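Trainee: What follows is final.csv, CSV, C-alpha atoms.
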chain,number,residue,atom,x,y,z
A,1,MET,CA,0.0,0.0,0.0
A,2,TYR,CA,2.9,2.4,0.7
A,3,ALA,CA,5.7,0.8,-1.4
A,4,ASP,CA,5.9,3.9,-3.6
A,5,VAL,CA,6.5,6.0,-0.5
A,6,PHE,CA,9.3,3.7,0.7
A,7,ASP,CA,10.9,3.8,-2.8
A,8,ALA,CA,10.7,7.6,-3.0
A,9,MET,CA,12.2,8.0,0.5
A,10,GLU,CA,15.1,5.7,-0.4
A,11,ARG,CA,15.6,7.4,-3.8
A,12,GLU,CA,15.7,10.9,-2.2
A,13,GLY,CA,18.1,9.7,0.5
A,14,VAL,CA,15.6,10.5,3.3
A,15,ARG,CA,16.6,9.5,6.8
A,16,TYR,CA,13.4,8.0,8.1
A,17,ALA,CA,12.0,5.2,10.2
A,18,VAL,CA,8.5,3.7,10.0
A,19,VAL,CA,6.8,3.4,13.4
A,20,GLY,CA,3.4,2.5,14.6
A,21,GLY,CA,1.0,-0.1,13.2
A,22,ILE,CA,2.6,-0.4,9.8
A,23,ALA,CA,6.0,-1.0,11.5
A,24,MET,CA,4.3,-3.9,13.3
A,25,VAL,CA,2.8,-5.3,10.1
A,26,LEU,CA,6.2,-5.0,8.4
A,27,ARG,CA,7.6,-7.1,11.3
A,28,GLY,CA,5.1,-9.8,10.7
A,29,CYS,CA,2.4,-8.9,13.2
A,30,GLU,CA,-1.2,-9.1,12.2
A,31,ARG,CA,-2.7,-5.7,12.8
A,32,GLU,CA,-5.3,-3.7,10.9
A,33,THR,CA,-4.1,-0.2,10.1
A,34,THR,CA,-4.4,2.0,7.1
A,35,ASP,CA,-2.2,5.1,7.8
A,36,LEU,CA,1.6,5.3,7.7
A,37,ASP,CA,3.5,6.8,10.6
A,38,VAL,CA,7.0,7.8,9.7
A,39,VAL,CA,9.6,9.8,11.6
A,40,VAL,CA,12.0,11.8,9.5
A,41,ASP,CA,15.2,13.7,10.1
A,42,ARG,CA,14.0,17.3,10.7
A,43,SER,CA,17.3,19.0,9.8
A,44,PRO,CA,16.6,21.5,7.0
A,45,PRO,CA,18.1,19.2,4.3
A,46,GLY,CA,16.4,16.2,5.8
A,47,ALA,CA,13.0,17.9,6.0
A,48,GLU,CA,13.4,19.2,2.4
A,49,ARG,CA,14.2,15.7,1.1
A,50,ALA,CA,11.2,14.1,2.9
A,51,THR,CA,8.9,16.8,1.7
A,52,ARG,CA,10.1,16.6,-1.9
A,53,ALA,CA,9.7,12.8,-1.9
A,54,LEU,CA,6.1,12.9,-0.6
A,55,LEU,CA,5.0,15.9,-2.8
A,56,SER,CA,6.4,14.0,-5.9
A,57,LEU,CA,3.9,11.2,-5.1
A,58,GLY,CA,0.9,13.6,-4.8
A,59,PHE,CA,0.8,13.9,-1.0
A,60,VAL,CA,-0.2,17.3,0.3
A,61,PRO,CA,0.1,18.6,3.8
A,62,THR,CA,-3.2,19.2,5.7
A,63,LEU,CA,-1.6,22.2,7.4
A,64,PRO,CA,0.1,25.1,5.6
A,65,LEU,CA,3.3,24.6,7.6
A,66,GLY,CA,6.7,23.0,7.0
A,67,LEU,CA,8.2,20.1,8.9
A,68,GLY,CA,10.5,22.5,10.9
A,69,GLU,CA,7.4,24.1,12.3
A,70,VAL,CA,5.4,21.1,13.6
A,71,THR,CA,5.6,18.0,15.7
A,72,VAL,CA,3.6,15.9,13.2
A,73,LEU,CA,2.4,16.9,9.7
A,74,PRO,CA,-0.5,14.8,8.4
A,75,MET,CA,-0.4,14.4,4.6
A,76,LEU,CA,-3.0,13.0,2.2
A,77,ASP,CA,-3.0,11.9,-1.4
A,78,ARG,CA,-6.0,12.0,-3.8
A,79,THR,CA,-6.7,8.3,-3.2
A,80,GLY,CA,-7.2,8.9,0.5
A,81,ARG,CA,-3.9,7.5,1.8
A,82,ARG,CA,-2.7,9.2,4.9
A,83,ILE,CA,0.8,9.6,6.2
A,84,ASP,CA,1.6,11.2,9.6
A,85,VAL,CA,5.1,12.6,9.2
A,86,PHE,CA,6.7,13.1,12.6
A,87,ALA,CA,9.3,15.9,12.7
A,88,ARG,CA,9.5,15.4,16.5
A,89,PHE,CA,9.0,12.1,18.3
A,90,ARG,CA,9.2,10.9,21.8
A,91,ILE,CA,12.5,9.1,21.0
A,92,PRO,CA,15.2,11.5,19.7
A,93,PHE,CA,15.7,10.9,15.9
A,94,ASP,CA,19.3,9.9,16.1
A,95,GLU,CA,18.5,7.3,18.7
A,96,LEU,CA,15.5,6.0,16.7
A,97,TRP,CA,17.6,5.9,13.5
A,98,ALA,CA,20.4,4.0,15.2
A,99,GLY,CA,17.9,1.4,16.5
A,100,SER,CA,16.1,1.0,13.1
A,101,GLU,CA,16.7,-1.7,10.6
A,102,LEU,CA,16.5,-1.8,6.8
A,103,LEU,CA,14.2,-4.6,5.9
A,104,PRO,CA,13.9,-6.2,2.5
A,105,ARG,CA,10.4,-6.1,0.9
A,106,ALA,CA,9.2,-7.1,-2.6
A,107,GLY,CA,10.8,-4.7,-5.0
A,108,GLY,CA,12.9,-2.8,-2.5
A,109,VAL,CA,13.6,-2.0,1.1
A,110,VAL,CA,12.0,-0.1,4.0
A,111,ARG,CA,13.6,1.2,7.2
A,112,VAL,CA,11.6,0.2,10.3
A,113,ALA,CA,12.1,1.3,13.9
A,114,TRP,CA,13.0,-1.6,16.3
A,115,PRO,CA,11.7,-2.4,18.7
A,116,PRO,CA,8.3,-1.3,17.6
A,117,THR,CA,7.4,2.1,19.1
Could you write out this file's structure as structure tokens?

Mentor:
Amino acid sequence: MYADVFDAMEREGVRYAVVGGIAMVLRGCERETTDLDVVVDRSPPGAERATRALLSLGFVPTLPLGLGEVTVLPMLDRTGRRIDVFARFRIPFDELWAGSELLPRAGGVVRVAWPPT
């Protein structure tokens, strides 16, 4: 459901980690969830890369603010997919990144926080 998002993030060199329900699904847990929760590096270059990747896929922010100005920025695409992009998270980004793992998936990879948050 979000393979294109993972591909765009990897292609743009975004430092990110998937958290929440989809992270659990990617780890093999059965859980019903439809939105993607992703924590991104909020440094100016990191926020710019993440924003560019998501805008290129047709996601638009639900608030007229940049990632440097918010804790979480919900984004939607025209098909109704929702991504909650966390610029700030309860675990400092560098710590979350260091504890994340790049997992193989059909057609690519995805970075997932571990343990699930």

Trainee: Can you pull out every residue within 10 Å of A:Arg52, counting only C-alpha atoms, but drop anything in the same chain fewer than 6 positions away, and send it as number ranges by chain?

Mentor: A: 8-9, 12, 14, 46, 59

Trainee: Closest to A:Ser56 among A:Asp84, A:Asp77, A:Glu30, A:Glu101, using only C-alpha atoms?

Mentor: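 Smallest separation from A:Ser56 among the options: A:Asp77.
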
Trainee: Residues within 12 Å of A:Asp4, please, as a list in words. Count all atoms listed in the file; anything in the same chain fewer than 6 positions from it doesn't count.

Mentor: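 That gives Glu10, Arg11, Ala53, Leu54, Ser56, Leu57, Gly58, Phe59, Arg81, Arg105, Ala106, Gly107, Gly108, Val109 and Val110 of chain A.
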
Trainee: When you count all atoms listed in the file, which of these residues is closest to A:Val39: A:Leu67, A:Leu55, A:Pro61, A:Met24?

Mentor: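 Looking at the shortest contact to A:Val39, the residue is A:Leu67.
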
Trainee: What's around A:Ala23 at 10 Å? Count all atoms listed in the file, leave out sequence neighbours fewer than 5 positions away in its own chain, and write the answer as a list in words.

Mentor: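 Once the adjacent positions are removed, what remains is Ala17, Val18, Gly28, Cys29, Arg31, Leu36, Asp37, Val38, Val110, Arg111, Val112, Ala113, Trp114, Pro115, Pro116 and Thr117 of chain A.
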
Trainee: For A:Arg82, work out the shell of residues within 6 Å, counting all atoms listed in the file and skipping chain neighbours fewer than 5 positions away, then give it as a ChimeraX atom specification.

Mentor: /A:35,75-76

Trainee: How many Å separate atom CA of A:Met1 from atom CA of A:Leu63?

Mentor: 23.5 Å

Trainee: Report, in Å to a single decimal, how far apart atom CA of A:Gly21 and atom CA of A:Ile83 are.

Mentor: 12.0 Å

Trainee: Expressed in Å to a single decimal, how great is the separation between atom CA of A:Thr33 and atom CA of A:Gly66?

Mentor: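 Between these atoms lies a distance of 25.8 Å.
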
Trainee: Rank nothing, just name the residue among A:Gly80, A:Gly99, A:Pro64, A:Pro45 nearest to A:Val19, using all atoms listed in the file.

Mentor: A:Gly99

Trainee: A:Tyr16, A:Glu48, A:Thr34, A:Thr62: which is nearest A:Glu95, counting all atoms listed in the file?

Mentor: A:Tyr16

Trainee: Counting only C-alpha atoms, which residue out of A:Phe93, A:Val25, A:Thr79, A:Glu69 sits closest to A:Val40?

Mentor: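 Closest candidate: A:Phe93.
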
Trainee: Tell me which of A:Arg15, A:Val85, A:Val70, A:Ala98 sits closest to A:Asp41, counting all atoms listed in the file.

Mentor: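 Residue with the minimum atom-to-atom distance to A:Asp41: A:Arg15.
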